[in-house]
Amino acid sequence: MALSAFANTVILLMTGCFLMVIGGGLIAVFKRVIHNVISQQVVLTNGSVSFEAWLDPPVPILLQFYLFDVMNKDEIVKGEKPVLRQIGPYAYREVRTKQELIFHKNDTLSYKEPKTYVFDPDKSTGSEDDTITSVNLLFVTVVDALDRLAPGWIKKLGGEYVVDKLLGLLGNHVFTKQKVGDVIWGKPNLVLELIHDILKTFHIDVAIPEEVGLFAGQNGTDDGLYTVYTGTGGKLDNLNIINKWNGESSLPYWNGTLCNMINGTDGTLYHPFVDKSETLYLFSTDICRSIYVTYDSDQTNYGIQLYRFVPPLEVFANHTENPVNKGYCRPDCLGAGVLDITPCKGAPVIISQPHFYQAAPYYINAIQGMHPNKEEHETFVDVEPNTGAVMNAAKRLQINIHLKNISDVTELAKIPPTIFPVAWVNETAKIDEATADKFTHEVMLPILATTIVQYALMALGFLLILVGIVYASKKRVCHRKQAGYQSINGEVKEEDSVSPVNT
């Protein structure tokens, strides 16, 4: 019996150890298998899962405009503090289509991506025909172009009187009533062509845009030719990273090599197996530069675990706090949280986060009606770490106009230099339930199943070892009890045999 118990114990312990070793070994094996499968499916090649989703993004994209209605236009031109009221959103469904695809031999892929915006009344608070009092973008753009590109233009035109007459063609007011749709998309204006002809007669050759609006000329057009790495050829970590934009590997707008670098992806897809400790880079033509984001928090979307990355403070810090940002001084250095993209856009546009979130306090305090907060105004990307796919994102930017004090222009003579908010945009992309379910079944469940198998084998092995130990201990206790019982019985029999002799 003792031999049989010993054999059973050995079998239980050996089987348990075997299962634990197998379970532990499968962790590495399954991890490698999962890594290989995901690596094959995320590369941008014909037939891969990522390529199909990249070509035709299943994630619905919504573009929302929040505009600032000027409440005291007459007082502002007298030098008083602006009072603004936010209205909106005015929402548009954004449709993207990748075109002109060309695969190159160096594991890169070129494409253009026209974007079309369709007004969505159900997600808007009003119509494009709503009227607001806003910055006269025609007036400000023309004055800025003359001030930047034609020094001495006022004298060349014959003085303040002629200037006022000329600018009168543009309404002669810094602030005017306009339709929401015109503020956003602009509209053709024959006056602009007339002004261009007048300026040429005075030997002032300055390019005047055909139409002026926050997103003028951007509906139905692309933002350039992208060349990105496909992730093939052993370059998986470079997946979707931009190699060139418009045929160039750097930008022409800023001072210094670092600021002109085109870093990262377009923010829609990263390499697989993203770690929280990483710094992710992205390039945006909306702000004419690259930025980076770092881990902020864990998020869950339809049961899918995501890592949220956000721009840290130093990205938009002033040049004294982040010396690298001195390269963005064009020509003057602005305070924290704002970026002058005039060299890129050809208009006096200053970009910030909405309501000057994370900007220097004096920008916020200079405008009545600014209420910055993290939840509504922060840009973020939520990345699924296994595949590198962005499942939820929000790009939030405020478009400001740099109002300059120009003494010979009546409407600008008393206005202090001001970073003046016109609108902010919230471009969001979030997977819907159907896409999340498909991703869960095709990606997450197989990973979960392999994990369950691994730990189930290890748990069963541990249980068998525990049972073996308990079984051996119990047998040992029983054996001791039996030995003790036999010892006691032996003493009793000995006493009984001696008793008659004594009697």
# chains A, B, ... in the order shown; residues from 1 in each chain; ligands from 1
call {"tool": "select_by_dssp", "arguments": {"residues": "segment 229-373 of chain A", "states": "alpha helix (DSSP H)", "output": "ChimeraX atom specification"}}
result
/A:257-260,342-345,361-365
call {"tool": "closest_residue", "arguments": {"among": "A:Pro252, A:Gly220, A:Gly79, A:Pro343", "to": "Ala145 of chain A", "atoms": "only C-alpha atoms"}}
result
A:Pro343
call {"tool": "residues_around", "arguments": {"residues": "segment 81-85 of chain A", "least_positions_apart": "4", "cutoff": "12 Å", "atoms": "only C-alpha atoms", "output": "VMD selection string"}}
result
chain A and resid 66 to 77 132 to 135 175 355 363 to 371 403 414 to 423
call {"tool": "write_last_selection", "arguments": {"atoms": "N, CA, C and O atoms", "output": "compact mmCIF listing (two decimals), in the first residue's frame"}}
result
# COMPACT_ATOMS: atom_id res chain seq x y z
N TYR A 66 -16.74 75.38 -33.57
CA TYR A 66 -17.30 76.26 -32.55
C TYR A 66 -16.79 77.67 -32.86
O TYR A 66 -15.58 77.92 -32.85
N LEU A 67 -17.70 78.58 -33.16
CA LEU A 67 -17.31 79.93 -33.56
C LEU A 67 -17.49 80.90 -32.40
O LEU A 67 -18.31 80.68 -31.51
N PHE A 68 -16.73 82.00 -32.46
CA PHE A 68 -16.82 83.03 -31.43
C PHE A 68 -17.55 84.25 -31.99
O PHE A 68 -17.10 84.86 -32.97
N ASP A 69 -18.68 84.57 -31.38
CA ASP A 69 -19.49 85.72 -31.76
C ASP A 69 -18.99 86.94 -30.99
O ASP A 69 -18.92 86.92 -29.75
N VAL A 70 -18.63 88.00 -31.72
CA VAL A 70 -18.09 89.20 -31.09
C VAL A 70 -19.24 90.05 -30.55
O VAL A 70 -20.13 90.45 -31.30
N MET A 71 -19.20 90.34 -29.24
CA MET A 71 -20.31 91.01 -28.59
C MET A 71 -20.11 92.53 -28.49
O MET A 71 -21.07 93.26 -28.26
N ASN A 72 -18.90 93.02 -28.63
CA ASN A 72 -18.65 94.47 -28.44
C ASN A 72 -17.69 95.02 -29.50
O ASN A 72 -16.65 95.60 -29.18
N LYS A 73 -18.03 94.84 -30.76
CA LYS A 73 -17.13 95.21 -31.86
C LYS A 73 -16.76 96.69 -31.85
O LYS A 73 -15.61 97.06 -32.14
N ASP A 74 -17.71 97.56 -31.54
CA ASP A 74 -17.43 99.00 -31.56
C ASP A 74 -16.44 99.39 -30.46
O ASP A 74 -15.61 100.29 -30.64
N GLU A 75 -16.54 98.72 -29.32
CA GLU A 75 -15.65 99.03 -28.19
C GLU A 75 -14.23 98.50 -28.46
O GLU A 75 -13.24 99.09 -28.02
N ILE A 76 -14.16 97.36 -29.16
CA ILE A 76 -12.83 96.76 -29.43
C ILE A 76 -11.97 97.70 -30.25
O ILE A 76 -10.78 97.88 -29.97
N VAL A 77 -12.55 98.31 -31.30
CA VAL A 77 -11.76 99.19 -32.16
C VAL A 77 -11.35 100.47 -31.43
O VAL A 77 -10.49 101.23 -31.91
N ILE A 132 -23.27 85.68 -37.57
CA ILE A 132 -22.54 86.07 -36.37
C ILE A 132 -21.69 87.28 -36.70
O ILE A 132 -21.45 87.60 -37.87
N THR A 133 -21.25 87.97 -35.65
CA THR A 133 -20.27 89.04 -35.83
C THR A 133 -18.91 88.44 -35.59
O THR A 133 -18.61 87.92 -34.52
N SER A 134 -18.07 88.48 -36.63
CA SER A 134 -16.76 87.84 -36.55
C SER A 134 -15.70 88.73 -37.20
O SER A 134 -16.02 89.79 -37.77
N VAL A 135 -14.47 88.31 -37.10
CA VAL A 135 -13.37 89.04 -37.73
C VAL A 135 -13.58 89.06 -39.24
O VAL A 135 -13.90 88.03 -39.84
N PHE A 175 -14.51 94.00 -37.93
CA PHE A 175 -15.55 93.04 -37.53
C PHE A 175 -16.82 93.31 -38.34
O PHE A 175 -17.27 94.46 -38.46
N HIS A 355 -9.71 77.74 -26.48
CA HIS A 355 -9.81 78.62 -25.31
C HIS A 355 -8.44 78.87 -24.68
O HIS A 355 -8.35 79.14 -23.49
N TYR A 363 -2.84 85.44 -22.58
CA TYR A 363 -3.70 85.23 -23.75
C TYR A 363 -5.13 84.97 -23.31
O TYR A 363 -6.09 85.44 -23.93
N ILE A 364 -5.28 84.20 -22.26
CA ILE A 364 -6.62 83.89 -21.74
C ILE A 364 -7.27 85.14 -21.17
O ILE A 364 -8.44 85.43 -21.43
N ASN A 365 -6.50 85.89 -20.40
CA ASN A 365 -7.04 87.07 -19.72
C ASN A 365 -7.32 88.23 -20.65
O ASN A 365 -8.10 89.14 -20.31
N ALA A 366 -6.71 88.22 -21.84
CA ALA A 366 -6.91 89.33 -22.78
C ALA A 366 -8.27 89.27 -23.46
O ALA A 366 -8.71 90.25 -24.07
N ILE A 367 -8.95 88.12 -23.35
CA ILE A 367 -10.24 87.92 -24.02
C ILE A 367 -11.28 87.49 -22.98
O ILE A 367 -11.07 86.50 -22.26
N GLN A 368 -12.36 88.19 -22.90
CA GLN A 368 -13.44 87.77 -22.00
C GLN A 368 -14.29 86.70 -22.70
O GLN A 368 -14.78 86.93 -23.81
N GLY A 369 -14.41 85.54 -22.06
CA GLY A 369 -15.18 84.45 -22.65
C GLY A 369 -14.37 83.20 -22.86
O GLY A 369 -14.87 82.20 -23.40
N MET A 370 -13.10 83.19 -22.40
CA MET A 370 -12.25 82.01 -22.51
C MET A 370 -12.38 81.16 -21.24
O MET A 370 -12.23 81.67 -20.12
N HIS A 371 -12.67 79.86 -21.43
CA HIS A 371 -12.84 78.95 -20.29
C HIS A 371 -12.15 77.62 -20.61
O HIS A 371 -12.81 76.61 -20.88
N LEU A 403 -4.30 90.30 -34.80
CA LEU A 403 -4.67 91.68 -35.08
C LEU A 403 -3.51 92.58 -34.70
O LEU A 403 -3.07 92.61 -33.54
N LYS A 414 -6.24 101.89 -32.86
CA LYS A 414 -6.34 101.85 -31.40
C LYS A 414 -6.38 100.45 -30.82
O LYS A 414 -6.40 100.28 -29.60
N ILE A 415 -6.41 99.45 -31.68
CA ILE A 415 -6.45 98.06 -31.19
C ILE A 415 -5.05 97.64 -30.78
O ILE A 415 -4.11 97.73 -31.59
N PRO A 416 -4.85 97.20 -29.55
CA PRO A 416 -3.53 96.69 -29.18
C PRO A 416 -3.26 95.37 -29.91
O PRO A 416 -4.21 94.67 -30.28
N PRO A 417 -2.02 95.02 -30.16
CA PRO A 417 -1.73 93.72 -30.80
C PRO A 417 -2.42 92.60 -30.03
O PRO A 417 -2.23 92.45 -28.81
N THR A 418 -3.24 91.81 -30.72
CA THR A 418 -4.09 90.83 -30.05
C THR A 418 -4.11 89.52 -30.81
O THR A 418 -4.24 89.49 -32.04
N ILE A 419 -3.97 88.41 -30.06
CA ILE A 419 -4.23 87.07 -30.63
C ILE A 419 -5.72 86.83 -30.46
O ILE A 419 -6.19 86.52 -29.37
N PHE A 420 -6.47 87.02 -31.55
CA PHE A 420 -7.93 87.10 -31.47
C PHE A 420 -8.57 85.79 -31.93
O PHE A 420 -8.45 85.40 -33.10
N PRO A 421 -9.30 85.09 -31.04
CA PRO A 421 -9.95 83.82 -31.42
C PRO A 421 -11.10 84.02 -32.41
O PRO A 421 -11.93 84.92 -32.24
N VAL A 422 -11.11 83.20 -33.45
CA VAL A 422 -12.20 83.23 -34.43
C VAL A 422 -13.08 81.99 -34.28
O VAL A 422 -14.31 82.08 -34.29
N ALA A 423 -12.44 80.83 -34.13
CA ALA A 423 -13.20 79.57 -34.00
C ALA A 423 -12.26 78.49 -33.50
O ALA A 423 -11.03 78.64 -33.56
call {"tool": "atom_distance", "arguments": {"atom1": "atom CA of Lys156 of chain A", "atom2": "atom CA of Cys329 of chain A"}}
result
29.2 Å
call {"tool": "residues_around", "arguments": {"residues": "segment 280-289 of chain A", "least_positions_apart": "5", "cutoff": "8 Å", "atoms": "only C-alpha atoms", "output": "mmCIF file with N, CA, C and O atoms, in the first residue's frame"}}
result
data_model
loop_
_atom_site.group_PDB
_atom_site.id
_atom_site.type_symbol
_atom_site.label_atom_id
_atom_site.label_comp_id
_atom_site.auth_asym_id
_atom_site.auth_seq_id
_atom_site.Cartn_x
_atom_site.Cartn_y
_atom_site.Cartn_z
ATOM 1 N N ASP A 223 -4.350 67.398 -48.819
ATOM 2 C CA ASP A 223 -3.370 68.295 -48.191
ATOM 3 C C ASP A 223 -1.940 67.926 -48.575
ATOM 4 O O ASP A 223 -1.001 68.217 -47.829
ATOM 5 N N LEU A 251 10.497 70.446 -43.767
ATOM 6 C CA LEU A 251 9.620 71.582 -44.039
ATOM 7 C C LEU A 251 10.435 72.844 -44.325
ATOM 8 O O LEU A 251 11.584 72.962 -43.882
ATOM 9 N N TYR A 253 9.326 75.995 -43.407
ATOM 10 C CA TYR A 253 8.698 77.116 -42.710
ATOM 11 C C TYR A 253 9.473 77.666 -41.525
ATOM 12 O O TYR A 253 9.340 78.825 -41.178
ATOM 13 N N CYS A 259 13.004 71.778 -35.935
ATOM 14 C CA CYS A 259 11.623 72.250 -36.118
ATOM 15 C C CYS A 259 11.078 71.912 -37.502
ATOM 16 O O CYS A 259 9.858 71.756 -37.674
ATOM 17 N N ASN A 260 11.957 71.798 -38.480
ATOM 18 C CA ASN A 260 11.518 71.495 -39.848
ATOM 19 C C ASN A 260 11.427 70.007 -40.143
ATOM 20 O O ASN A 260 11.040 69.611 -41.245
ATOM 21 N N MET A 261 11.775 69.163 -39.174
ATOM 22 C CA MET A 261 11.709 67.720 -39.399
ATOM 23 C C MET A 261 10.258 67.249 -39.513
ATOM 24 O O MET A 261 9.372 67.746 -38.810
ATOM 25 N N ILE A 262 10.036 66.287 -40.411
ATOM 26 C CA ILE A 262 8.725 65.634 -40.528
ATOM 27 C C ILE A 262 8.831 64.312 -39.790
ATOM 28 O O ILE A 262 9.438 63.358 -40.284
ATOM 29 N N ASN A 263 8.258 64.271 -38.599
ATOM 30 C CA ASN A 263 8.394 63.102 -37.726
ATOM 31 C C ASN A 263 7.062 62.380 -37.545
ATOM 32 O O ASN A 263 6.014 63.008 -37.448
ATOM 33 N N GLY A 264 7.138 61.058 -37.474
ATOM 34 C CA GLY A 264 5.981 60.274 -37.074
ATOM 35 C C GLY A 264 5.009 59.956 -38.188
ATOM 36 O O GLY A 264 5.308 60.066 -39.379
ATOM 37 N N THR A 265 3.802 59.582 -37.779
ATOM 38 C CA THR A 265 2.741 59.192 -38.705
ATOM 39 C C THR A 265 1.749 60.338 -38.869
ATOM 40 O O THR A 265 1.980 61.439 -38.376
ATOM 41 N N ASP A 266 0.646 60.046 -39.534
ATOM 42 C CA ASP A 266 -0.416 61.048 -39.634
ATOM 43 C C ASP A 266 -1.369 60.969 -38.448
ATOM 44 O O ASP A 266 -2.392 61.659 -38.415
ATOM 45 N N GLY A 267 -1.056 60.110 -37.473
ATOM 46 C CA GLY A 267 -1.860 60.015 -36.261
ATOM 47 C C GLY A 267 -3.004 59.021 -36.331
ATOM 48 O O GLY A 267 -3.803 58.929 -35.395
ATOM 49 N N THR A 294 2.677 61.680 -25.305
ATOM 50 C CA THR A 294 3.147 60.709 -24.317
ATOM 51 C C THR A 294 1.958 60.109 -23.582
ATOM 52 O O THR A 294 0.853 60.670 -23.576
ATOM 53 N N PHE A 309 -2.660 58.794 -25.307
ATOM 54 C CA PHE A 309 -1.471 59.634 -25.420
ATOM 55 C C PHE A 309 -1.910 61.067 -25.683
ATOM 56 O O PHE A 309 -2.821 61.310 -26.497
ATOM 57 N N ILE A 341 1.549 80.406 -37.635
ATOM 58 C CA ILE A 341 1.731 79.609 -38.850
ATOM 59 C C ILE A 341 1.529 80.453 -40.109
ATOM 60 O O ILE A 341 1.229 79.932 -41.183
ATOM 61 N N CYS A 344 3.262 79.434 -43.258
ATOM 62 C CA CYS A 344 2.703 78.238 -43.887
ATOM 63 C C CYS A 344 1.387 78.534 -44.596
ATOM 64 O O CYS A 344 1.153 78.067 -45.704
ATOM 65 N N ILE A 351 -2.202 79.532 -34.242
ATOM 66 C CA ILE A 351 -2.861 78.321 -33.777
ATOM 67 C C ILE A 351 -2.628 78.151 -32.273
ATOM 68 O O ILE A 351 -1.547 78.433 -31.756
#
call {"tool": "atom_distance", "arguments": {"atom1": "atom CA of Ser250 of chain A", "atom2": "atom CA of Val324 of chain A"}}
result
16.1 Å
call {"tool": "closest_residue", "arguments": {"among": "A:Thr45, A:Asn318, A:Ala429, A:Tyr328", "to": "His104 of chain A", "atoms": "only C-alpha atoms"}}
result
A:Thr45
call {"tool": "closest_atom_pairs", "arguments": {"of": "segment 239-297 of chain A", "to": "segment 47-53 of chain A", "cutoff": "12 Å", "atoms": "only C-alpha atoms", "output": "Markdown table"}}
result
| residue | atom | partner | partner_atom | distance |
| --- | --- | --- | --- | --- |
| A:Leu239 | CA | A:Ser50 | CA | 10.7 |
| A:Asn240 | CA | A:Phe51 | CA | 10.6 |
| A:Thr268 | CA | A:Ala53 | CA | 10.6 |
| A:Leu269 | CA | A:Ser50 | CA | 9.0 |
| A:Tyr270 | CA | A:Ser50 | CA | 10.8 |
| A:His271 | CA | A:Ser50 | CA | 11.1 |
| A:Pro272 | CA | A:Ser50 | CA | 10.9 |
call {"tool": "closest_residue", "arguments": {"among": "A:Gly327, A:Pro114, A:Pro312, A:Gly231", "to": "Thr257 of chain A", "atoms": "only C-alpha atoms"}}
result
A:Gly327
call {"tool": "atom_distance", "arguments": {"atom1": "atom CA of Phe316 of chain A", "atom2": "atom CA of Gly337 of chain A"}}
result
4.8 Å
call {"tool": "residues_around", "arguments": {"residues": "Lys244 of chain A", "least_positions_apart": "3", "cutoff": "8 Å", "atoms": "only C-alpha atoms", "output": "list in words"}}
result
Tyr226, Thr227, Val228, Gly247, Glu248, Ser249, Ser250 and Ile262 of chain A
call {"tool": "write_last_selection", "arguments": {"atoms": "all heavy atoms", "output": "PDB file, in the first residue's frame"}}
result
ATOM      1  N   TYR A 226       1.672  62.194 -49.657  1.00  0.00           N
ATOM      2  CA  TYR A 226       2.356  61.522 -48.556  1.00  0.00           C
ATOM      3  C   TYR A 226       3.099  60.289 -49.076  1.00  0.00           C
ATOM      4  O   TYR A 226       2.579  59.549 -49.911  1.00  0.00           O
ATOM      5  CB  TYR A 226       1.359  61.075 -47.497  1.00  0.00           C
ATOM      6  CG  TYR A 226       0.773  62.186 -46.666  1.00  0.00           C
ATOM      7  CD1 TYR A 226      -0.303  62.931 -47.124  1.00  0.00           C
ATOM      8  CD2 TYR A 226       1.287  62.489 -45.403  1.00  0.00           C
ATOM      9  CE1 TYR A 226      -0.855  63.953 -46.360  1.00  0.00           C
ATOM     10  CE2 TYR A 226       0.748  63.500 -44.632  1.00  0.00           C
ATOM     11  CZ  TYR A 226      -0.320  64.230 -45.115  1.00  0.00           C
ATOM     12  OH  TYR A 226      -0.861  65.236 -44.354  1.00  0.00           O
ATOM     13  N   THR A 227       4.288  60.074 -48.546  1.00  0.00           N
ATOM     14  CA  THR A 227       5.024  58.831 -48.777  1.00  0.00           C
ATOM     15  C   THR A 227       5.339  58.243 -47.410  1.00  0.00           C
ATOM     16  O   THR A 227       6.023  58.881 -46.603  1.00  0.00           O
ATOM     17  CB  THR A 227       6.326  59.069 -49.556  1.00  0.00           C
ATOM     18  OG1 THR A 227       6.015  59.722 -50.799  1.00  0.00           O
ATOM     19  CG2 THR A 227       7.024  57.754 -49.847  1.00  0.00           C
ATOM     20  N   VAL A 228       4.805  57.045 -47.152  1.00  0.00           N
ATOM     21  CA  VAL A 228       4.940  56.443 -45.821  1.00  0.00           C
ATOM     22  C   VAL A 228       5.563  55.055 -45.933  1.00  0.00           C
ATOM     23  O   VAL A 228       5.491  54.398 -46.976  1.00  0.00           O
ATOM     24  CB  VAL A 228       3.568  56.334 -45.110  1.00  0.00           C
ATOM     25  CG1 VAL A 228       2.935  57.704 -44.946  1.00  0.00           C
ATOM     26  CG2 VAL A 228       2.622  55.385 -45.855  1.00  0.00           C
ATOM     27  N   GLY A 247       7.114  65.208 -51.590  1.00  0.00           N
ATOM     28  CA  GLY A 247       8.425  64.915 -52.148  1.00  0.00           C
ATOM     29  C   GLY A 247       9.596  65.413 -51.324  1.00  0.00           C
ATOM     30  O   GLY A 247      10.755  65.232 -51.717  1.00  0.00           O
ATOM     31  N   GLU A 248       9.322  66.029 -50.179  1.00  0.00           N
ATOM     32  CA  GLU A 248      10.387  66.578 -49.345  1.00  0.00           C
ATOM     33  C   GLU A 248      10.416  65.867 -47.989  1.00  0.00           C
ATOM     34  O   GLU A 248       9.380  65.477 -47.464  1.00  0.00           O
ATOM     35  CB  GLU A 248      10.183  68.086 -49.113  1.00  0.00           C
ATOM     36  CG  GLU A 248      10.151  68.910 -50.400  1.00  0.00           C
ATOM     37  CD  GLU A 248      11.498  68.939 -51.101  1.00  0.00           C
ATOM     38  OE1 GLU A 248      12.523  68.722 -50.428  1.00  0.00           O
ATOM     39  OE2 GLU A 248      11.523  69.193 -52.326  1.00  0.00           O
ATOM     40  N   SER A 249      11.604  65.733 -47.428  1.00  0.00           N
ATOM     41  CA  SER A 249      11.753  65.079 -46.129  1.00  0.00           C
ATOM     42  C   SER A 249      11.815  66.072 -44.980  1.00  0.00           C
ATOM     43  O   SER A 249      11.979  65.685 -43.821  1.00  0.00           O
ATOM     44  CB  SER A 249      13.023  64.215 -46.112  1.00  0.00           C
ATOM     45  OG  SER A 249      14.157  64.995 -46.449  1.00  0.00           O
ATOM     46  N   SER A 250      11.711  67.366 -45.296  1.00  0.00           N
ATOM     47  CA  SER A 250      11.690  68.389 -44.250  1.00  0.00           C
ATOM     48  C   SER A 250      10.818  69.557 -44.710  1.00  0.00           C
ATOM     49  O   SER A 250      10.451  69.658 -45.887  1.00  0.00           O
ATOM     50  CB  SER A 250      13.103  68.875 -43.917  1.00  0.00           C
ATOM     51  OG  SER A 250      13.698  69.489 -45.045  1.00  0.00           O
ATOM     52  N   ILE A 262      10.036  66.287 -40.411  1.00  0.00           N
ATOM     53  CA  ILE A 262       8.725  65.634 -40.528  1.00  0.00           C
ATOM     54  C   ILE A 262       8.831  64.312 -39.790  1.00  0.00           C
ATOM     55  O   ILE A 262       9.438  63.358 -40.284  1.00  0.00           O
ATOM     56  CB  ILE A 262       8.340  65.421 -42.005  1.00  0.00           C
ATOM     57  CG1 ILE A 262       8.265  66.766 -42.729  1.00  0.00           C
ATOM     58  CG2 ILE A 262       7.015  64.678 -42.109  1.00  0.00           C
ATOM     59  CD1 ILE A 262       8.020  66.651 -44.222  1.00  0.00           C
TER      60      ILE A 262
END
call {"tool": "closest_residue", "arguments": {"among": "A:Asp408, A:Pro331, A:Gly152, A:Asp182", "to": "Phe202 of chain A", "atoms": "only C-alpha atoms"}}
result
A:Gly152
call {"tool": "residues_around", "arguments": {"residues": "Lys98 of chain A", "least_positions_apart": "5", "cutoff": "9 Å", "atoms": "only C-alpha atoms", "output": "list of chain:residue names"}}
result
A:Trp54, A:Leu55, A:Asp56, A:Tyr111, A:Lys112, A:Glu113, A:Pro114
call {"tool": "closest_residue", "arguments": {"among": "A:His173, A:Lys276, A:Arg396, A:Lys430", "to": "Val140 of chain A", "atoms": "only C-alpha atoms"}}
result
A:His173
